[in-house]
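What follows is the content of entry-v8.txt, which has compact mmCIF, C-alpha atoms:
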# COMPACT_ATOMS: atom_id res chain seq x y z
CA MET A 225 -8.32 84.47 32.11
CA SER A 226 -6.84 86.73 29.43
CA ARG A 227 -8.93 88.62 26.90
CA THR A 228 -7.87 89.37 23.38
CA PRO A 229 -8.40 93.08 22.58
CA LEU A 230 -11.39 93.68 20.32
CA SER A 231 -9.13 95.25 17.70
CA GLU A 232 -6.68 92.41 17.02
CA PRO A 233 -7.64 91.31 13.49
CA GLY A 234 -7.27 87.61 12.80
CA LYS A 235 -7.10 86.75 16.50
CA ALA A 236 -9.87 85.06 18.42
CA GLY A 237 -12.02 87.84 19.80
CA ALA A 238 -11.38 90.35 17.00
CA LEU A 239 -14.34 92.59 16.15
CA ARG A 240 -15.24 90.64 13.05
CA ASP A 241 -15.36 87.42 15.08
CA TYR A 242 -18.09 88.71 17.41
CA THR A 243 -21.80 88.46 16.65
CA GLU A 244 -23.72 91.70 16.60
CA GLU A 245 -25.42 90.71 19.87
CA LYS A 246 -22.08 89.97 21.55
CA LEU A 247 -20.66 93.33 20.39
CA ALA A 248 -23.70 95.19 21.70
CA ALA A 249 -23.31 93.48 25.08
CA GLN A 250 -19.71 94.66 25.62
CA PRO A 251 -19.31 96.98 28.63
CA ILE A 252 -18.58 100.67 27.98
CA GLY A 253 -15.06 100.17 29.32
CA ALA A 254 -14.30 97.78 26.47
CA TRP A 255 -15.43 100.36 23.92
CA SER A 256 -13.65 103.30 25.51
CA GLY A 257 -10.45 101.21 25.65
CA GLU A 258 -10.92 100.22 22.02
CA ILE A 259 -11.37 103.83 20.95
CA TYR A 260 -8.29 104.88 22.92
CA ARG A 261 -6.13 102.12 21.37
CA ARG A 262 -7.27 102.95 17.85
CA ALA A 263 -6.96 106.73 18.16
CA VAL A 264 -3.59 106.70 19.91
CA GLY A 265 -2.32 103.95 17.63
CA ALA A 266 -3.23 105.98 14.53
CA LEU A 267 -1.67 109.13 15.99
CA ARG A 268 1.55 107.34 16.93
CA ALA A 269 1.74 105.74 13.46
CA GLN A 270 1.44 109.14 11.75
CA LEU A 271 4.06 110.71 14.02
CA ALA A 272 6.40 107.77 13.34
CA VAL A 273 6.31 108.65 9.63
CA GLU A 274 8.19 111.82 10.62
CA ASP A 275 10.41 109.88 13.08
CA LEU A 276 8.59 111.50 16.02
CA THR A 277 6.86 110.23 19.14
CA GLN A 278 3.93 111.64 21.09
CA PRO A 279 6.32 113.22 23.62
CA HIS A 280 8.06 115.04 20.71
CA TRP A 281 4.70 116.49 19.69
CA TRP A 282 3.69 117.36 23.25
CA ILE A 283 6.94 119.24 23.82
CA LEU A 284 6.75 121.15 20.54
CA ASN A 285 3.10 122.01 21.12
CA ASP A 286 3.55 123.26 24.69
CA ILE A 287 6.62 125.31 23.82
CA ALA A 288 4.85 126.83 20.79
CA GLY A 289 1.99 127.85 23.09
CA ALA A 290 4.23 129.58 25.64
CA PRO A 291 7.69 130.23 24.15
CA GLY A 292 10.46 130.97 26.61
CA THR A 293 8.46 129.92 29.68
CA TRP A 294 9.16 126.17 29.90
CA THR A 295 12.30 124.55 31.24
CA ARG A 296 13.01 120.85 30.86
CA ALA A 297 12.15 120.17 34.50
CA ALA A 298 8.86 122.10 34.45
CA LEU A 299 7.66 120.66 31.15
CA THR A 300 8.69 117.13 32.11
CA ALA A 301 6.69 117.45 35.34
CA ARG A 302 3.67 118.58 33.31
CA LEU A 303 3.90 115.82 30.69
CA THR A 304 4.99 112.79 32.72
CA PRO A 305 1.45 111.81 33.80
CA TYR A 306 0.44 111.37 30.13
CA GLU A 307 3.47 109.34 29.02
CA ASP A 308 2.87 105.58 28.98
CA LEU A 309 5.82 104.26 26.98
CA GLY A 310 8.65 104.77 29.47
CA ILE A 311 10.30 107.45 27.32
CA ASP A 312 13.15 109.49 28.81
CA PHE A 313 12.15 113.11 28.21
CA ASP A 314 15.77 114.32 28.28
CA THR A 315 16.45 112.12 25.26
CA VAL A 316 13.51 113.73 23.45
CA TYR A 317 14.69 117.27 24.33
CA ASP A 318 18.20 116.38 23.15
CA ASP A 319 16.78 115.02 19.89
CA LEU A 320 14.79 118.20 19.25
CA VAL A 321 17.89 120.33 19.95
CA ALA A 322 19.97 118.11 17.62
CA ARG A 323 17.35 118.50 14.87
CA GLY A 324 17.66 122.26 15.26
CA TRP A 325 13.99 122.59 16.26
CA LEU A 326 14.50 123.72 19.85
CA THR A 327 16.88 126.05 21.68
CA GLU A 328 17.46 126.55 25.39
CA ALA A 329 18.34 129.84 27.07
CA PRO A 330 21.86 130.01 28.54
CA ARG A 331 22.39 129.80 32.30
CA TYR A 332 22.84 133.60 32.61
CA ALA A 333 19.44 134.32 30.99
CA PRO A 334 16.51 135.54 33.12
CA LEU A 335 15.05 132.01 32.96
CA PRO A 336 18.00 129.65 32.42
CA GLY A 337 17.12 126.72 30.21
CA ALA A 338 13.88 128.26 28.98
CA MET A 339 13.03 126.63 25.67
CA THR A 340 11.87 128.20 22.42
CA LEU A 341 11.26 126.75 19.00
CA THR A 342 13.47 127.63 16.08
CA GLU A 343 12.05 128.47 12.65
CA PRO A 344 12.21 124.81 11.51
CA GLY A 345 10.69 123.71 14.84
Hey, can you dump this file as structure tokens for me?
Amino acid sequence: MSRTPLSEPGKAGALRDYTEEKLAAQPIGAWSGEIYRRAVGALRAQLAVEDLTQPHWWILNDIAGAPGTWTRAALTARLTPYEDLGIDFDTVYDDLVARGWLTEAPRYAPLPGAMTLTEPG
């Protein structure tokens, strides 16, 4: 038996289609899932306005917090558990480099491939 998410307006099972009693009887898992879908959906929609994804933001945020200490491999290992869209992180790194927002240390540097943000990044 499939369930329609509580947030699908106009579909059977949308929030407005439930009685107050039925809504109050929903298990906590339904509500926590609903909150997750709404919050992440809103965040992803706002990032998309700037042609960004959550992984773009995660990468920029982590590198800003510890410039010159993250390599692609190390940061990908850290972020992979949170990624649920099947995004290839190398594509995201390449995009940030192409935008001029991210640079990587050369192979002869003390930490080859260490990433830092540029001024625009």
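The space between atom CA of Arg296 of chain A and atom CA of Gln270 of chain A spans 25.2 Å.
Every protein or nucleic acid residue with an atom no more than 6 Å from Ala329 of chain A, counting all atoms listed in the file and leaving out same-chain residues fewer than 6 positions away, appears here: Pro336, Gly337 and Ala338 of chain A.
Residue nearest Gly292 of chain A, chosen from A:Leu326, A:Glu343, A:Val316, A:Lys246 and counting only C-alpha atoms: A:Leu326.
Of the residues under consideration (A:Pro344, A:Asp314, A:Ala263, A:Met339), A:Met339 shows the shortest atom-to-atom contact distance to Gly289 of chain A when counting all atoms listed in the file.
Minimum distance to Gln278 of chain A across A:Trp294, A:Phe313, A:Tyr260, A:Tyr332 (counting only C-alpha atoms) occurs at A:Phe313.
The residue that comes closest to Arg268 of chain A, out of A:His280, A:Ile252, A:Leu247, A:Pro305 and on the basis of only C-alpha atoms, is A:His280.
In this model, the gap between atom CA of Ala254 of chain A and atom CA of Tyr242 of chain A comes to 13.4 Å.
Here atom CA of Gly345 of chain A and atom CA of Leu284 of chain A stand 7.4 Å from one another.
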Set the distance at 10 Å and use only C-alpha atoms: which residues neighbour Ile311 of chain A once local chain neighbours fewer than 4 positions away are removed? I'd like the list as a PyMOL selection string. chain A and resi 277-279+304+307+315-316
Output file for the residues above (C-alpha atoms, as a tab-separated table (two decimals), keeping the file's coordinate frame):
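Writing the result to selection.tsv gives the following:
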chain	number	residue	atom	x	y	z
A	277	THR	CA	6.86	110.23	19.14
A	278	GLN	CA	3.93	111.64	21.09
A	279	PRO	CA	6.32	113.22	23.62
A	304	THR	CA	4.99	112.79	32.72
A	307	GLU	CA	3.47	109.34	29.02
A	315	THR	CA	16.45	112.12	25.26
A	316	VAL	CA	13.51	113.73	23.45
Give me, as JSON, numbers by chain, all polymer residues having an atom no more than 8 Å from Thr327 of chain A, counting only C-alpha atoms and skipping those fewer than 4 positions away in the same chain. {"A": [321, 339, 340, 341, 342]}
Taking C-alpha atoms for each residue, export the selection above as a CSV table (one decimal), in the frame of the given file.
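See out.csv below for the written result:
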chain,number,residue,atom,x,y,z
A,321,VAL,CA,17.9,120.3,20.0
A,339,MET,CA,13.0,126.6,25.7
A,340,THR,CA,11.9,128.2,22.4
A,341,LEU,CA,11.3,126.8,19.0
A,342,THR,CA,13.5,127.6,16.1
